[in-house]
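File shown: protein_9.csv. Contents: CSV, C-alpha atoms and all ligand atoms.
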```csv
chain,number,residue,atom,x,y,z
C,239,MET,CA,156.6,10.0,205.2
C,240,ILE,CA,159.0,11.8,207.5
C,241,ARG,CA,157.9,14.2,210.2
C,242,ILE,CA,160.5,16.1,212.2
C,243,ARG,CA,159.6,18.0,215.4
C,244,HIS,CA,161.8,20.2,217.5
C,245,LEU,CA,165.0,18.5,216.4
C,246,SER,CA,168.1,19.8,218.2
C,247,LYS,CA,171.7,18.6,218.4
C,248,THR,CA,174.3,19.9,220.8
C,249,PHE,CA,177.9,18.7,220.7
C,250,GLN,CA,180.2,18.7,223.7
C,251,ASP,CA,183.8,19.6,223.0
C,252,PRO,CA,186.5,17.8,224.9
C,253,ASP,CA,187.0,20.9,227.0
C,254,GLY,CA,183.4,20.7,228.1
C,255,SER,CA,182.0,23.7,226.1
C,256,LEU,CA,178.7,23.1,224.3
C,257,LEU,CA,178.0,23.8,220.7
C,258,THR,CA,174.3,23.8,219.6
C,259,VAL,CA,174.4,23.0,215.9
C,260,LEU,CA,170.7,22.2,215.2
C,261,LYS,CA,168.4,24.5,217.1
C,262,ASP,CA,164.7,23.7,216.4
C,263,VAL,CA,164.2,22.0,213.1
C,264,ASN,CA,160.7,21.2,212.1
C,265,CYS,CA,159.5,19.8,208.7
C,266,ASP,CA,157.3,17.3,207.0
C,267,ILE,CA,158.6,15.4,203.9
C,268,GLN,CA,156.2,13.6,201.6
C,269,LYS,CA,156.9,10.5,199.6
C,270,GLY,CA,158.5,11.3,196.2
C,271,GLU,CA,159.7,14.8,197.2
C,272,VAL,CA,163.2,15.8,196.0
C,273,ILE,CA,164.5,18.3,198.5
C,274,SER,CA,167.7,20.2,198.1
C,275,ILE,CA,169.3,21.6,201.3
C,276,ILE,CA,171.4,24.7,200.6
C,277,GLY,CA,173.1,27.1,203.0
C,278,PRO,CA,176.5,28.4,204.2
C,279,SER,CA,179.0,25.9,205.5
C,280,GLY,CA,178.9,25.2,209.2
C,281,THR,CA,175.2,25.7,209.5
C,282,GLY,CA,174.4,22.1,210.3
C,283,LYS,CA,173.4,20.6,207.0
C,284,SER,CA,175.5,17.5,207.4
C,285,THR,CA,174.5,17.2,211.0
C,286,PHE,CA,170.9,17.4,210.0
C,287,LEU,CA,171.2,14.5,207.5
C,288,ARG,CA,173.3,12.5,210.1
C,289,ALA,CA,170.6,13.0,212.7
C,290,LEU,CA,167.9,12.0,210.3
C,291,ASN,CA,169.4,8.5,209.9
C,292,MET,CA,170.6,8.3,213.5
C,293,LEU,CA,174.3,8.3,212.6
C,294,GLU,CA,174.3,11.2,215.0
C,295,PRO,CA,171.5,10.7,217.5
C,296,PRO,CA,169.7,14.0,218.2
C,297,THR,CA,169.9,15.7,221.6
C,298,SER,CA,166.2,16.3,221.6
C,299,GLY,CA,163.1,16.2,219.3
C,300,GLU,CA,161.3,13.5,217.4
C,301,ILE,CA,161.7,12.0,214.0
C,302,LEU,CA,158.8,9.9,212.7
C,303,VAL,CA,159.3,7.8,209.6
C,304,ASP,CA,156.1,6.2,208.3
C,305,GLY,CA,154.6,7.0,211.6
C,306,GLU,CA,157.3,5.2,213.6
C,307,ASN,CA,159.4,7.2,216.1
C,308,ILE,CA,162.9,6.3,215.1
C,309,THR,CA,164.4,8.3,218.0
C,310,ALA,CA,162.6,6.1,220.6
C,311,PRO,CA,165.0,4.1,222.7
C,312,GLY,CA,165.4,0.6,221.3
C,313,TYR,CA,164.2,1.4,217.8
C,314,PRO,CA,165.9,-1.1,215.5
C,315,LEU,CA,168.5,0.9,213.6
C,316,HIS,CA,169.0,-1.8,210.9
C,317,LYS,CA,165.4,-1.3,209.9
C,318,LEU,CA,166.0,2.4,209.5
C,319,ARG,CA,169.2,1.9,207.6
C,320,GLN,CA,167.4,-0.2,205.1
C,321,LYS,CA,164.7,2.4,204.6
C,322,MET,CA,167.1,5.3,204.4
C,323,GLY,CA,170.3,5.2,202.3
C,324,MET,CA,173.1,7.7,202.5
C,325,VAL,CA,175.6,8.8,199.9
C,326,PHE,CA,178.7,10.7,201.3
C,327,GLN,CA,181.0,13.3,199.9
C,328,SER,CA,183.9,10.9,200.2
C,329,PHE,CA,182.1,7.8,198.7
C,330,ASN,CA,183.1,5.4,201.5
C,331,LEU,CA,183.4,2.3,199.3
C,332,PHE,CA,185.0,-0.8,200.7
C,333,GLU,CA,188.4,-0.6,199.1
C,334,HIS,CA,189.2,-4.4,199.5
C,335,MET,CA,186.1,-5.4,197.6
C,336,THR,CA,185.4,-5.2,193.9
C,337,VAL,CA,182.7,-2.9,192.6
C,338,LEU,CA,180.2,-5.8,192.3
C,339,GLU,CA,181.1,-7.1,195.8
C,340,ASN,CA,180.6,-3.6,197.2
C,341,ILE,CA,177.1,-3.6,195.9
C,342,ILE,CA,175.9,-7.1,196.8
C,343,TYR,CA,177.4,-7.1,200.3
C,344,ALA,CA,174.5,-5.5,202.1
C,345,PRO,CA,171.7,-7.1,200.1
C,346,THR,CA,173.1,-10.6,200.7
C,347,GLU,CA,174.1,-10.0,204.4
C,348,LEU,CA,171.2,-7.9,205.5
C,349,LEU,CA,168.3,-8.6,203.1
C,350,HIS,CA,169.4,-12.3,202.8
C,351,LEU,CA,169.1,-12.2,199.0
C,352,SER,CA,170.7,-15.2,197.2
C,353,ARG,CA,174.0,-14.4,195.5
C,354,GLU,CA,172.5,-14.9,192.0
C,355,GLN,CA,169.6,-12.5,192.7
C,356,ALA,CA,171.9,-9.9,194.3
C,357,VAL,CA,174.3,-10.1,191.4
C,358,ALA,CA,171.5,-9.8,188.9
C,359,GLU,CA,170.1,-6.7,190.7
C,360,ALA,CA,173.6,-5.2,191.1
C,361,MET,CA,174.3,-5.5,187.4
C,362,GLU,CA,171.0,-3.8,186.6
C,363,LEU,CA,171.9,-0.9,188.9
C,364,LEU,CA,175.5,-0.7,187.5
C,365,LYS,CA,173.9,-0.3,184.1
C,366,LYS,CA,171.7,2.4,185.4
C,367,VAL,CA,174.7,4.4,186.6
C,368,GLY,CA,176.8,3.6,183.6
C,369,MET,CA,179.3,1.4,185.4
C,370,ALA,CA,178.5,-2.1,184.3
C,371,GLN,CA,181.8,-2.5,182.5
C,372,LYS,CA,183.7,-1.9,185.8
C,373,ALA,CA,181.9,-4.5,187.9
C,374,ASP,CA,185.1,-6.6,188.5
C,375,VAL,CA,187.6,-3.8,189.3
C,376,TYR,CA,188.6,-2.5,192.7
C,377,PRO,CA,187.6,1.1,193.7
C,378,ALA,CA,191.2,2.2,193.7
C,379,SER,CA,191.3,2.1,189.9
C,380,LEU,CA,188.2,4.3,189.5
C,381,SER,CA,188.0,8.1,189.2
C,382,GLY,CA,186.1,10.0,191.8
C,383,GLY,CA,183.0,10.4,189.6
C,384,GLN,CA,183.0,6.6,188.9
C,385,LYS,CA,183.3,5.9,192.6
C,386,GLN,CA,180.4,8.1,193.4
C,387,ARG,CA,178.2,6.4,190.8
C,388,VAL,CA,179.1,3.1,192.3
C,389,ALA,CA,178.3,4.4,195.8
C,390,ILE,CA,174.9,5.5,194.5
C,391,ALA,CA,174.2,2.1,193.0
C,392,ARG,CA,175.3,0.5,196.3
C,393,SER,CA,172.8,2.6,198.2
C,394,LEU,CA,170.0,1.8,195.7
C,395,ALA,CA,170.7,-2.0,196.1
C,396,MET,CA,169.0,-1.9,199.5
C,397,HIS,CA,165.7,-0.6,197.9
C,398,PRO,CA,165.6,2.4,200.2
C,399,GLN,CA,162.5,4.6,200.5
C,400,VAL,CA,164.7,7.6,200.9
C,401,ILE,CA,168.3,8.5,199.9
C,402,LEU,CA,170.2,11.2,201.7
C,403,PHE,CA,173.0,12.8,199.7
C,404,ASP,CA,175.6,14.9,201.5
C,405,GLU,CA,177.4,17.1,199.0
C,406,PRO,CA,177.8,14.2,196.6
C,407,THR,CA,179.9,16.2,194.1
C,408,SER,CA,182.0,18.4,196.3
C,409,ALA,CA,185.0,16.1,196.5
C,410,LEU,CA,185.1,15.6,192.7
C,411,ASP,CA,187.3,17.1,190.1
C,412,PRO,CA,185.1,19.6,188.2
C,413,THR,CA,185.2,17.5,185.0
C,414,MET,CA,183.3,14.7,186.9
C,415,VAL,CA,180.5,16.7,188.6
C,416,GLY,CA,178.2,16.4,185.6
C,417,GLU,CA,178.2,12.6,185.3
C,418,VAL,CA,177.2,12.3,189.0
C,419,LEU,CA,174.5,15.0,188.8
C,420,SER,CA,173.0,13.4,185.8
C,421,VAL,CA,172.6,10.1,187.6
C,422,ILE,CA,171.0,11.9,190.5
C,423,ARG,CA,168.7,13.8,188.1
C,424,GLN,CA,167.6,10.5,186.6
C,425,LEU,CA,166.8,9.1,190.1
C,426,ALA,CA,164.8,12.3,190.9
C,427,LYS,CA,162.5,11.5,188.0
C,428,SER,CA,162.0,8.0,189.1
C,429,GLY,CA,159.9,9.0,192.1
C,430,LEU,CA,162.5,8.2,194.8
C,431,THR,CA,162.3,10.5,197.8
C,432,MET,CA,165.6,12.3,198.1
C,433,LEU,CA,167.3,14.9,200.4
C,434,ILE,CA,170.3,16.4,198.8
C,435,VAL,CA,172.8,18.8,200.5
C,436,THR,CA,174.4,20.6,197.6
C,437,HIS,CA,176.2,23.8,196.5
C,438,GLU,CA,175.2,23.4,192.9
C,439,MET,CA,172.5,26.1,192.7
C,440,ARG,CA,171.4,25.5,189.1
C,441,PHE,CA,171.1,21.8,189.8
C,442,ALA,CA,169.1,22.4,193.0
C,443,ARG,CA,166.8,24.7,191.1
C,444,ASP,CA,166.2,22.2,188.2
C,445,VAL,CA,165.9,19.0,190.1
C,446,SER,CA,164.1,19.8,193.3
C,447,SER,CA,160.4,20.0,194.3
C,448,ARG,CA,161.4,21.9,197.4
C,449,ILE,CA,164.4,23.8,198.8
C,450,PHE,CA,165.4,24.1,202.4
C,451,PHE,CA,167.7,27.1,203.1
C,452,MET,CA,169.5,26.2,206.3
C,453,ASN,CA,171.1,28.9,208.3
C,454,GLU,CA,172.3,29.1,211.9
C,455,GLY,CA,171.0,25.7,212.8
C,456,VAL,CA,167.4,26.1,211.6
C,457,ILE,CA,165.5,25.7,208.3
C,458,TYR,CA,165.5,29.4,207.7
C,459,GLU,CA,163.4,29.4,204.6
C,460,ASP,CA,161.5,26.6,202.9
C,461,GLY,CA,159.8,26.8,199.6
C,462,THR,CA,159.6,25.8,196.0
C,463,PRO,CA,162.7,26.5,193.9
C,464,GLU,CA,160.8,29.4,192.4
C,465,GLN,CA,160.1,30.9,195.8
C,466,ILE,CA,163.6,30.4,197.2
C,467,PHE,CA,165.5,31.5,194.1
C,468,GLU,CA,163.3,34.1,192.6
C,469,HIS,CA,161.3,35.5,195.5
C,470,PRO,CA,163.1,34.8,198.8
C,471,VAL,CA,161.5,36.3,201.8
C,472,HIS,CA,164.6,36.7,204.0
C,473,SER,CA,167.6,38.9,203.0
C,474,ALA,CA,170.0,36.1,204.1
C,475,THR,CA,168.4,33.7,201.7
C,476,LYS,CA,168.5,36.3,198.9
C,477,ALA,CA,172.2,37.0,199.5
C,478,PHE,CA,173.1,33.3,199.6
C,479,VAL,CA,171.3,32.3,196.4
C,480,ASN,CA,172.5,35.4,194.4
C,481,ARG,CA,176.1,34.9,195.4
C,482,ILE,CA,178.7,35.3,192.7
C,483,GLN,CA,181.6,32.8,192.0
C,484,LYS,CA,185.0,34.4,191.4
C,485,LEU,CA,188.4,33.6,190.0
C,486,VAL,CA,191.0,36.2,190.7
C,487,TYR,CA,194.6,36.8,189.5
C,488,GLU,CA,196.9,39.6,190.6
C,489,ILE,CA,199.4,40.5,187.9
C,490,ASP,CA,202.3,42.5,189.3
C,491,SER,CA,204.8,42.3,186.5
C,492,ASP,CA,205.4,40.8,183.1
C,493,GLU,CA,206.8,37.7,184.8
C,494,PHE,CA,203.2,36.3,185.3
C,495,ASP,CA,202.3,32.8,184.3
C,496,TYR,CA,199.7,33.1,181.5
C,497,LEU,CA,199.4,29.3,181.3
C,498,GLN,CA,198.2,29.3,185.0
C,499,ILE,CA,195.5,31.8,184.1
C,500,HIS,CA,194.5,29.8,181.1
C,501,THR,CA,194.2,26.7,183.2
C,502,GLY,CA,192.3,28.5,185.9
C,503,ILE,CA,189.7,29.8,183.4
C,504,ASN,CA,189.4,26.4,181.9
C,505,ARG,CA,188.6,24.8,185.3
C,506,PHE,CA,186.3,27.6,186.4
C,507,CYS,CA,184.3,27.2,183.1
C,508,ILE,CA,184.0,23.4,183.6
C,509,LYS,CA,183.1,23.8,187.3
C,510,TYR,CA,180.2,26.2,186.6
C,511,ASN,CA,179.2,24.6,183.3
C,512,ILE,CA,180.0,27.6,181.1
C,513,THR,CA,182.5,26.0,178.7
C,514,ASP,CA,180.8,27.8,175.9
C,515,LYS,CA,182.3,31.1,177.3
C,516,GLN,CA,185.8,29.6,177.7
C,517,ASP,CA,187.3,30.6,174.3
C,518,LEU,CA,186.0,34.1,174.6
C,519,ALA,CA,187.4,34.5,178.1
C,520,TYR,CA,190.8,33.3,177.0
C,521,SER,CA,190.9,35.5,174.0
C,522,LEU,CA,189.7,38.7,175.8
C,523,THR,CA,192.3,38.1,178.6
C,524,LYS,CA,195.0,37.7,176.0
C,525,GLN,CA,194.1,40.9,174.2
C,526,MET,CA,193.8,42.8,177.4
C,527,LEU,CA,197.1,41.6,179.0
C,528,PHE,CA,199.2,41.6,175.9
C,529,GLU,CA,197.7,44.5,173.8
C,530,TYR,CA,195.3,46.9,175.3
C,531,MET,CA,196.6,47.0,178.8
C,532,ARG,CA,200.1,45.8,178.1
C,533,ASP,CA,201.8,48.6,179.9
C,534,ILE,CA,199.6,48.7,182.9
C,535,ARG,CA,200.8,46.8,186.0
C,536,PRO,CA,199.7,45.9,188.6
C,537,LEU,CA,196.5,44.6,187.2
C,538,THR,CA,193.8,42.4,188.7
C,539,VAL,CA,192.1,39.9,186.4
C,540,ARG,CA,188.8,38.5,187.7
C,541,MET,CA,186.3,36.2,186.2
C,542,THR,CA,182.9,36.2,187.8
C,543,HIS,CA,179.8,34.0,187.4
C,544,ALA,CA,176.5,34.5,189.0
C,545,GLU,CA,175.2,30.9,189.0
C,546,LEU,CA,171.5,31.8,189.1
C,547,SER,CA,171.3,34.6,186.6
C,548,GLY,CA,174.0,33.0,184.5
C,549,GLU,CA,175.8,36.2,184.0
C,550,THR,CA,179.5,35.7,183.3
C,551,ALA,CA,182.0,38.6,183.1
C,552,MET,CA,185.7,39.3,182.9
C,553,ASP,CA,187.0,42.3,185.0
C,554,TYR,CA,190.3,44.0,184.6
C,555,MET,CA,191.1,46.4,187.4
C,556,VAL,CA,193.9,48.9,187.9
C,557,GLU,CA,194.6,50.8,191.1
C,558,ASN,CA,195.1,54.5,191.4
C,559,MET,CA,193.7,55.4,188.0
C,560,THR,CA,190.7,57.6,187.5
C,561,ALA,CA,190.1,57.4,183.8
C,562,SER,CA,189.8,54.5,181.4
C,563,PRO,CA,193.2,53.2,180.1
C,564,LEU,CA,191.5,51.9,176.9
C,565,ALA,CA,192.3,53.6,173.6
C,566,GLU,CA,189.4,54.3,171.3
C,567,GLU,CA,190.5,51.6,168.9
C,568,ALA,CA,190.7,49.0,171.6
C,569,ARG,CA,187.2,50.0,172.9
C,570,LYS,CA,185.8,49.5,169.4
C,571,LYS,CA,187.4,46.1,169.0
C,572,LEU,CA,186.2,44.9,172.4
C,573,LYS,CA,182.6,46.1,171.8
C,574,THR,CA,182.3,43.8,168.8
C,575,GLN,CA,183.2,40.7,170.9
C,576,VAL,CA,181.2,41.1,174.1
C,577,ALA,CA,177.6,41.6,175.2
C,578,GLU,CA,178.5,44.7,177.2
C,579,LEU,CA,181.5,46.8,177.9
C,580,ILE,CA,181.5,48.8,181.1
C,581,GLU,CA,184.2,51.2,182.1
C,582,GLU,CA,183.8,52.5,185.6
C,583,PRO,CA,185.8,54.1,188.4
C,584,THR,CA,185.9,52.2,191.6
C,585,THR,CA,186.9,53.2,195.2
C,586,ARG,CA,190.5,52.1,194.6
C,587,GLY,CA,191.0,52.7,190.9
C,588,PHE,CA,189.3,51.9,187.6
C,589,ARG,CA,187.6,48.8,186.2
C,590,ILE,CA,186.9,47.5,182.8
C,591,LYS,CA,184.2,44.9,182.9
C,592,LEU,CA,183.3,42.8,179.9
C,593,ILE,CA,180.1,40.9,180.0
C,594,LEU,CA,180.4,37.7,178.0
C,601,LIG,P1,177.5,22.0,207.3
C,601,LIG,O1,177.3,20.6,206.8
C,601,LIG,O2,176.4,22.9,207.1
C,601,LIG,O3,178.8,22.6,206.7
C,601,LIG,P2,178.0,20.6,209.8
C,601,LIG,O4,176.7,20.0,210.1
C,601,LIG,O5,179.1,19.7,209.2
C,601,LIG,O6,177.8,21.9,208.9
C,601,LIG,O7,178.6,21.3,211.1
C,601,LIG,C1,178.0,22.3,211.8
C,601,LIG,C2,178.8,22.6,213.0
C,601,LIG,O8,178.9,21.5,213.9
C,601,LIG,C3,180.3,22.9,212.7
C,601,LIG,O9,180.7,24.0,213.5
C,601,LIG,C4,181.0,21.7,213.1
C,601,LIG,O10,182.3,22.0,213.5
C,601,LIG,C5,180.2,21.2,214.3
C,601,LIG,N1,180.3,19.7,214.4
C,601,LIG,C6,179.9,18.8,213.5
C,601,LIG,N2,180.1,17.5,213.9
C,601,LIG,C7,180.6,17.6,215.1
C,601,LIG,C8,181.1,16.7,216.1
C,601,LIG,N3,181.0,15.4,215.9
C,601,LIG,N4,181.6,17.2,217.2
C,601,LIG,C9,181.7,18.5,217.5
C,601,LIG,N5,181.3,19.4,216.6
C,601,LIG,C10,180.8,19.0,215.4
C,602,MG,MG,178.5,19.5,205.4
```

Taking this structure as input, can you express it in the form of structure tokens?
Ligand code: ADP
Ligand code: MG
Amino acid sequence: MIRIRHLSKTFQDPDGSLLTVLKDVNCDIQKGEVISIIGPSGTGKSTFLRALNMLEPPTSGEILVDGENITAPGYPLHKLRQKMGMVFQSFNLFEHMTVLENIIYAPTELLHLSREQAVAEAMELLKKVGMAQKADVYPASLSGGQKQRVAIARSLAMHPQVILFDEPTSALDPTMVGEVLSVIRQLAKSGLTMLIVTHEMRFARDVSSRIFFMNEGVIYEDGTPEQIFEHPVHSATKAFVNRIQKLVYEIDSDEFDYLQIHTGINRFCIKYNITDKQDLAYSLTKQMLFEYMRDIRPLTVRMTHAELSGETAMDYMVENMTASPLAEEARKKLKTQVAELIEEPTTRGFRIKLIL
């Protein structure tokens, strides 16, 4: 369905210096594939999607869609825009139009649908994304998650063959990520071809038929979720997919703000979908800070989560200490609450690691 050959994109800065963002991208995308594009930031993922629908015409190379070369001079872009929808990180809804008007605008103007038909289709789509009850409100009154669901419905209203999603959940409050991912999951099952730039590794693994790992302006590694996440060939791919999310608090004195730590843990757990670990994380942190390590300051509290393996841990680190500060009684009590208790010296001090 889409064939990309030797795609490159070079930007010229105002001072004349050149920045080559896409180097030599080659790939074939079949109808019905759901491809997640992952990779460090600044490696050209957004530029790749924008080149693909000619928002950012490539510097060289060819893109064939259904056998037609869309990079050829004079290719009608309105035709491409109808085939290929795009959902942005920042929603890009028309703020002066209601939700319903946002959705029927392009179908009536560009596809020349009658208003009745466009409204009927729009209401179906709004039901599909769980937003039918908000048809007559303006975007300003919606939450980020609701706006993004409307943006997805608006894109679907053009009956595209492909939808490109550029980090559709990264501008959202963590509590709203799930509702948007679940809409995208549902679309993935419907057979629509989709390319999704995302940082949500578990989601990418579950929803995709194929993963592109982009790095340094090329598709560095391409494979099934199993190949990329479990048996990556390149060390850069391996390092990226196994990265660990961290939440860190430095506690210097007893003046610290426990509520801030509590809120931080709460948001971290929502963000990485580990709310089942939240109460234990609070409780352990409270015990460590106010009982077992009450007299030890400074202290670094760290929560870590390896998205792929799913391992979650709380670390409590003290500097300049070579033996464990835990009393035998505390050790016993902790062991009954956690999967594993690790006490280990580090290069700077000593760490107590509790695996939840
Ligand atoms: P990613 O989406 O992977 O984070 P981007 O595609 O947004 O990466 O950007 C890749 C690089 O291209 C960045 O260094 C960015 O600053 C640069 N870039 C993107 N768009 C432009 C532009 N319009 N003009 C100049 N440089 C740009
Ligand atoms: Mg980007």

Between C:Asp404, C:Glu582, C:Glu567, C:Asp533, which is the closest to C:Val435 once you count all atoms listed in the file?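 Closest residue, counting all atoms listed in the file: C:Asp404.
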
Taking a cut-off of 12 Å and counting only C-alpha atoms, can you build a table that, for each residue of stretch 332-444 of chain C near stretch 287-300 of chain C, reports the nearest atom pair and how far apart they are in Å (one decimal), sorted by chain then residue number, as a Markdown table?
```
| residue | atom | partner | partner_atom | distance |
| --- | --- | --- | --- | --- |
| C:Val400 | CA | C:Asn291 | CA | 10.2 |
| C:Ile401 | CA | C:Asn291 | CA | 10.1 |
| C:Leu402 | CA | C:Leu287 | CA | 6.7 |
| C:Phe403 | CA | C:Leu287 | CA | 8.2 |
| C:Asp404 | CA | C:Leu287 | CA | 7.5 |
| C:Glu405 | CA | C:Leu287 | CA | 10.8 |
| C:Met432 | CA | C:Leu287 | CA | 11.2 |
| C:Leu433 | CA | C:Leu287 | CA | 8.1 |
| C:Ile434 | CA | C:Leu287 | CA | 9.0 |
| C:Val435 | CA | C:Leu287 | CA | 8.4 |
```

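The list of residues with at least one atom within 7 Å of stretch 572-578 of chain C, based on only C-alpha atoms and without residues fewer than 5 positions apart in the same chain, reads Leu592, Ile593 and Leu594 of chain C.
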
Once you count all atoms listed in the file, which residues end up within 12 Å of ligand MG 602 (chain C), and could you hand them over as a PyMOL selection string? chain C and resi 259+275-288+326-328+403-409+434-437+452

Quick one: distance from atom C9 of ligand LIG 601 (chain C) to atom CA of C:Asn453 in Å, one decimal?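 About the pair atom C9 of ligand LIG 601 (chain C) and atom CA of C:Asn453: they are 17.5 Å apart.
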
Fewer than 6 positions away in the same chain doesn't count, so skip those; otherwise give me all residues within 6 Å of stretch 481-486 of chain C, counting only C-alpha atoms, as a PyMOL selection string. chain C and resi 539-544

Using atom N2 of ligand LIG 601 (chain C) and atom CA of C:Ala310 as the two end points, give the distance in Å to one decimal. 21.9 Å

Could you pull stretch 434-441 of chain C out of the block above and save it with all heavy atoms, as an mmCIF file, in the first residue's frame?
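What follows is the written file part-v2.cif:
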```
data_model
loop_
_atom_site.group_PDB
_atom_site.id
_atom_site.type_symbol
_atom_site.label_atom_id
_atom_site.label_comp_id
_atom_site.auth_asym_id
_atom_site.auth_seq_id
_atom_site.Cartn_x
_atom_site.Cartn_y
_atom_site.Cartn_z
ATOM 1 N N ILE C 434 1.851 4.709 14.227
ATOM 2 C CA ILE C 434 1.701 5.398 15.508
ATOM 3 C C ILE C 434 3.072 5.678 16.113
ATOM 4 O O ILE C 434 3.801 4.746 16.461
ATOM 5 C CB ILE C 434 0.921 4.502 16.508
ATOM 6 C CG1 ILE C 434 -0.355 3.944 15.870
ATOM 7 C CG2 ILE C 434 0.610 5.272 17.780
ATOM 8 C CD1 ILE C 434 -0.971 2.786 16.652
ATOM 9 N N VAL C 435 3.411 6.953 16.224
ATOM 10 C CA VAL C 435 4.631 7.302 16.968
ATOM 11 C C VAL C 435 4.234 7.336 18.435
ATOM 12 O O VAL C 435 3.290 8.038 18.805
ATOM 13 C CB VAL C 435 5.191 8.677 16.542
ATOM 14 C CG1 VAL C 435 6.352 9.078 17.445
ATOM 15 C CG2 VAL C 435 5.638 8.643 15.090
ATOM 16 N N THR C 436 4.896 6.547 19.246
ATOM 17 C CA THR C 436 4.490 6.485 20.655
ATOM 18 C C THR C 436 5.653 6.182 21.578
ATOM 19 O O THR C 436 6.654 5.591 21.167
ATOM 20 C CB THR C 436 3.368 5.427 20.854
ATOM 21 O OG1 THR C 436 2.950 5.454 22.225
ATOM 22 C CG2 THR C 436 3.826 4.026 20.507
ATOM 23 N N HIS C 437 5.487 6.627 22.837
ATOM 24 C CA HIS C 437 6.467 6.280 23.872
ATOM 25 C C HIS C 437 5.914 5.218 24.803
ATOM 26 O O HIS C 437 6.554 4.840 25.768
ATOM 27 C CB HIS C 437 6.843 7.522 24.682
ATOM 28 C CG HIS C 437 7.732 8.440 23.936
ATOM 29 N ND1 HIS C 437 9.036 8.125 23.651
ATOM 30 C CD2 HIS C 437 7.501 9.643 23.371
ATOM 31 C CE1 HIS C 437 9.576 9.112 22.950
ATOM 32 N NE2 HIS C 437 8.659 10.040 22.761
ATOM 33 N N GLU C 438 4.697 4.774 24.526
ATOM 34 C CA GLU C 438 4.060 3.789 25.394
ATOM 35 C C GLU C 438 4.478 2.391 24.929
ATOM 36 O O GLU C 438 3.880 1.825 24.023
ATOM 37 C CB GLU C 438 2.531 3.910 25.310
ATOM 38 C CG GLU C 438 1.990 5.303 25.575
ATOM 39 C CD GLU C 438 1.897 5.604 27.058
ATOM 40 O OE1 GLU C 438 1.954 4.658 27.874
ATOM 41 O OE2 GLU C 438 1.791 6.795 27.404
ATOM 42 N N MET C 439 5.502 1.851 25.560
ATOM 43 C CA MET C 439 6.085 0.589 25.090
ATOM 44 C C MET C 439 5.129 -0.603 25.204
ATOM 45 O O MET C 439 5.048 -1.428 24.291
ATOM 46 C CB MET C 439 7.356 0.253 25.872
ATOM 47 C CG MET C 439 8.482 1.209 25.646
ATOM 48 S SD MET C 439 9.036 1.192 23.943
ATOM 49 C CE MET C 439 8.882 2.915 23.621
ATOM 50 N N ARG C 440 4.434 -0.706 26.313
ATOM 51 C CA ARG C 440 3.526 -1.852 26.491
ATOM 52 C C ARG C 440 2.418 -1.808 25.445
ATOM 53 O O ARG C 440 2.047 -2.814 24.847
ATOM 54 C CB ARG C 440 2.880 -1.851 27.891
ATOM 55 C CG ARG C 440 3.844 -2.071 29.019
ATOM 56 C CD ARG C 440 4.202 -3.532 29.202
ATOM 57 N NE ARG C 440 3.272 -4.282 30.047
ATOM 58 C CZ ARG C 440 3.237 -4.247 31.372
ATOM 59 N NH1 ARG C 440 4.037 -3.445 32.035
ATOM 60 N NH2 ARG C 440 2.400 -4.997 32.040
ATOM 61 N N PHE C 441 1.906 -0.591 25.236
ATOM 62 C CA PHE C 441 0.861 -0.391 24.235
ATOM 63 C C PHE C 441 1.380 -0.784 22.854
ATOM 64 O O PHE C 441 0.735 -1.541 22.119
ATOM 65 C CB PHE C 441 0.432 1.083 24.257
ATOM 66 C CG PHE C 441 -0.392 1.505 23.081
ATOM 67 C CD1 PHE C 441 -1.730 1.176 22.995
ATOM 68 C CD2 PHE C 441 0.182 2.250 22.053
ATOM 69 C CE1 PHE C 441 -2.495 1.574 21.906
ATOM 70 C CE2 PHE C 441 -0.575 2.643 20.967
ATOM 71 C CZ PHE C 441 -1.905 2.302 20.893
#
```
